[in-house]
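Here is the structure we will look at.
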Amino acid sequence: MKRRHFGVIALAAGAALALSACSSGAGGASGDSGSGPIKIGFSQVGAESGWRTANTKSLKEALASDNGFKLTFSDAQQKQENQISAIRSFITQGVDAIVFAPVVETGWDDVLKEAKDAEIPVILEDRSVDSDPSLYTSRVGDDFEKEGETAGKWVADNFAGKSANLVVLEGTTGSAAANDRTTGFNQAIKGTDVKVLDSQTGNFTRSEGKTVMEGFLQKYGKSINVLFAQNDDMGLGALDAIKAAGLTPGKDIQIVTIDGTKDGLTALADGQFNYVVECNPLLGDKVAEVVKAAVAGKKVDKLYLAKDEAFDQAAAEKALPTRPY
Ligand code: AHR
């Protein structure tokens with residue numbers, strides 16, 4: 001397992017409480033007794049982006065039968081109600097553990113309580129929830145606020161002393177990834193001359209990124225000179241809109257995005273993007289490790305964060321030949 005990319009966030013004193021729940025629920029787990037595979041229900045957000053595709057692949061590979069798991073996968077198509085139904089179905093099936101990537105941050109208390117009452121450990125992967133931490137066992141993900149802050153610092157530094165008229169393509173409304181990236185970015189540009197002309201959701205997809213950027217260009221025209229797209233896909237969609245408006249991406253409008261997929265880094269190496277902050281989607285091995293420990297009743301940390309880098313053009317050129325996703 002490639003554990004070296006992960007740093008452990010120290011547990012707050014009270015946070016360890018949740019782990020006793022997983023140990024009490026672990027006794028009957030088939031994977032624990034060695035009598036059979038660990039039954040996992042995994043509810044994924046959807047297939048909205050290149051990042052998501054890489055994340056799903058990573059989870060499916062790590063939770064495969066040759067690693068001791070029996071995986072039931074459910075694609076929520078970016079709908080919270082689908083995730084809630086999937087989790088309830090996993091509970092009814094009596095899985096040993098539930099893994100899910102919450103599409104939005106709020107509204108999970110009831111279903112998490114149901115899983116807790118059924119003594120099934122729940123591991124959040126990717127995004128977080130605003131529920132009490134005692135309702136889930138652990139989260140394996142990325143530091144979205146830091147990603148937003150890194151993107152904001154780049155804008156602040158790059159446009160210091162120049163006028164920056166910025167538009168933002170936000171991720172899915174209510175998602176932890178969008179909320180935290182916005183917080184970090186706004187913190188980083190606070191007190192600078194960066195002017196936010198507009199900020200709207202593009203739902204983390206290329207098509208909506210393109211449509212929203214078209215609207216920005218119609219409304220603000222050539223006064224836009226910097227775009228913050230909260231993921232690569234929306235930035236890639238925006239490229240089409242920018243070119244169709246007769247402007248040159250990377251020059252007339254400088255672009256910073258988050259994710260660091262092959263497509264995003266290629267646009268950066270080509271000079272169409274200007275800076276990309278990484279969000280590591282390869283969370284599968286860590287999730288598998290945490291699930292195994294939780295099902296075996298071992299203590300796990302409340303939060304595992306992947307290490308994220310940031311890329312300029314030269315770094316993208318260097319990284320691309322071996323970029324795995
Ligand atoms: O939650 C992670 C975000 O979700 C990624 O940045 C984005 O591409 C995905 O859709």
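Numbering starts fresh at 1 for the residues of each chain in the structure tokens, the chains themselves are lettered A, B, ... in the order given, and ligands are numbered from 1 as they appear.
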
Per-residue nearest contacts chain A to ligand 1, cut-off 10 Å, using only C-alpha atoms and all ligand atoms, as CSV:
```
residue,atom,partner,partner_atom_place_in_ligand_line,distance
A:Val45,CA,ligand 1,10 (O),8.1
A:Gly46,CA,ligand 1,10 (O),8.1
A:Ala47,CA,ligand 1,10 (O),7.6
A:Glu48,CA,ligand 1,10 (O),5.5
A:Ser49,CA,ligand 1,10 (O),5.0
A:Gly50,CA,ligand 1,8 (O),6.4
A:Trp51,CA,ligand 1,8 (O),4.6
A:Arg52,CA,ligand 1,9 (C),5.4
A:Thr53,CA,ligand 1,10 (O),9.0
A:Ala54,CA,ligand 1,8 (O),9.7
A:Asn55,CA,ligand 1,2 (C),9.0
A:Gln78,CA,ligand 1,10 (O),9.3
A:Ala101,CA,ligand 1,1 (O),7.9
A:Pro102,CA,ligand 1,1 (O),8.6
A:Val103,CA,ligand 1,1 (O),8.0
A:Val104,CA,ligand 1,1 (O),9.6
A:Glu125,CA,ligand 1,1 (O),9.1
A:Asp126,CA,ligand 1,1 (O),5.6
A:Arg127,CA,ligand 1,1 (O),5.4
A:Ser128,CA,ligand 1,1 (O),8.9
A:Gly141,CA,ligand 1,1 (O),8.4
A:Asp142,CA,ligand 1,2 (C),8.0
A:Asp143,CA,ligand 1,2 (C),10.0
A:Phe144,CA,ligand 1,2 (C),8.1
A:Glu147,CA,ligand 1,6 (O),9.6
A:Gly171,CA,ligand 1,7 (C),7.3
A:Thr172,CA,ligand 1,10 (O),7.9
A:Ser175,CA,ligand 1,1 (O),7.5
A:Ala176,CA,ligand 1,1 (O),7.2
A:Ala177,CA,ligand 1,1 (O),4.9
A:Ala178,CA,ligand 1,1 (O),7.9
A:Arg181,CA,ligand 1,6 (O),9.4
A:Asn203,CA,ligand 1,10 (O),7.8
A:Phe204,CA,ligand 1,10 (O),5.0
A:Thr205,CA,ligand 1,10 (O),7.3
A:Arg206,CA,ligand 1,8 (O),9.9
A:Ala229,CA,ligand 1,6 (O),9.8
A:Gln230,CA,ligand 1,6 (O),6.7
A:Asn231,CA,ligand 1,8 (O),4.9
A:Asp232,CA,ligand 1,8 (O),6.5
A:Asp233,CA,ligand 1,8 (O),6.7
A:Met234,CA,ligand 1,8 (O),8.5
A:Thr257,CA,ligand 1,6 (O),9.2
A:Ile258,CA,ligand 1,6 (O),6.2
A:Asp259,CA,ligand 1,6 (O),5.3
A:Gly260,CA,ligand 1,6 (O),9.0
A:Thr261,CA,ligand 1,8 (O),8.8
A:Val277,CA,ligand 1,6 (O),9.8
A:Glu278,CA,ligand 1,6 (O),8.7
A:Cys279,CA,ligand 1,6 (O),6.2
A:Asn280,CA,ligand 1,6 (O),8.7
A:Pro281,CA,ligand 1,2 (C),7.7
```

### Task
Give the alpha helix (DSSP H) residues of range 17-134 of chain A, as DSSP finds them on the backbone, and put them as number ranges by chain.
A: 17-24, 30-33, 50-62, 80-93, 109-117

#### Entry: Lys262 in chain A surroundings by only C-alpha atoms, 9 Å radius, close-in-sequence under 4 positions cut, as a list in words
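Final neighbour list, sorted by chain and number: Gly50, Thr266, Ala267, Leu320, Arg323, Pro324 and Tyr325 of chain A.
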
Selection file, N, CA, C and O atoms, as a compact mmCIF listing (two decimals), in the first residue's frame:
```txt
# COMPACT_ATOMS: atom_id res chain seq x y z
N GLY A 50 -13.00 13.97 -14.17
CA GLY A 50 -11.86 13.07 -14.33
C GLY A 50 -11.33 12.63 -12.97
O GLY A 50 -10.91 11.49 -12.79
N THR A 266 -2.09 18.76 -18.72
CA THR A 266 -1.79 18.96 -20.14
C THR A 266 -2.15 20.39 -20.55
O THR A 266 -1.37 21.06 -21.26
N ALA A 267 -3.30 20.87 -20.09
CA ALA A 267 -3.68 22.26 -20.40
C ALA A 267 -2.68 23.25 -19.79
O ALA A 267 -2.39 24.30 -20.38
N LEU A 320 3.87 15.06 -16.10
CA LEU A 320 2.94 14.41 -17.04
C LEU A 320 3.33 12.99 -17.49
O LEU A 320 2.46 12.11 -17.52
N ARG A 323 2.17 10.65 -14.84
CA ARG A 323 0.92 10.96 -14.12
C ARG A 323 -0.03 9.77 -14.24
O ARG A 323 -0.41 9.38 -15.35
N PRO A 324 -0.49 9.21 -13.11
CA PRO A 324 -1.31 8.00 -13.23
C PRO A 324 -2.79 8.22 -13.54
O PRO A 324 -3.52 7.28 -13.77
N TYR A 325 -3.25 9.47 -13.53
CA TYR A 325 -4.70 9.67 -13.77
C TYR A 325 -4.95 11.00 -14.47
O TYR A 325 -4.07 11.85 -14.48
```

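Compared by their closest atoms to Val256 in chain A, and using only C-alpha atoms, the residues A:Asn67, A:Thr150, A:Thr72, A:Asn165 rank with A:Thr150 nearest.
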
### Task
Taking the DSSP assignment computed from this structure's backbone, write out as a count of residues only all residues of range 41-147 of chain A that belong to strand (DSSP E or B).
23
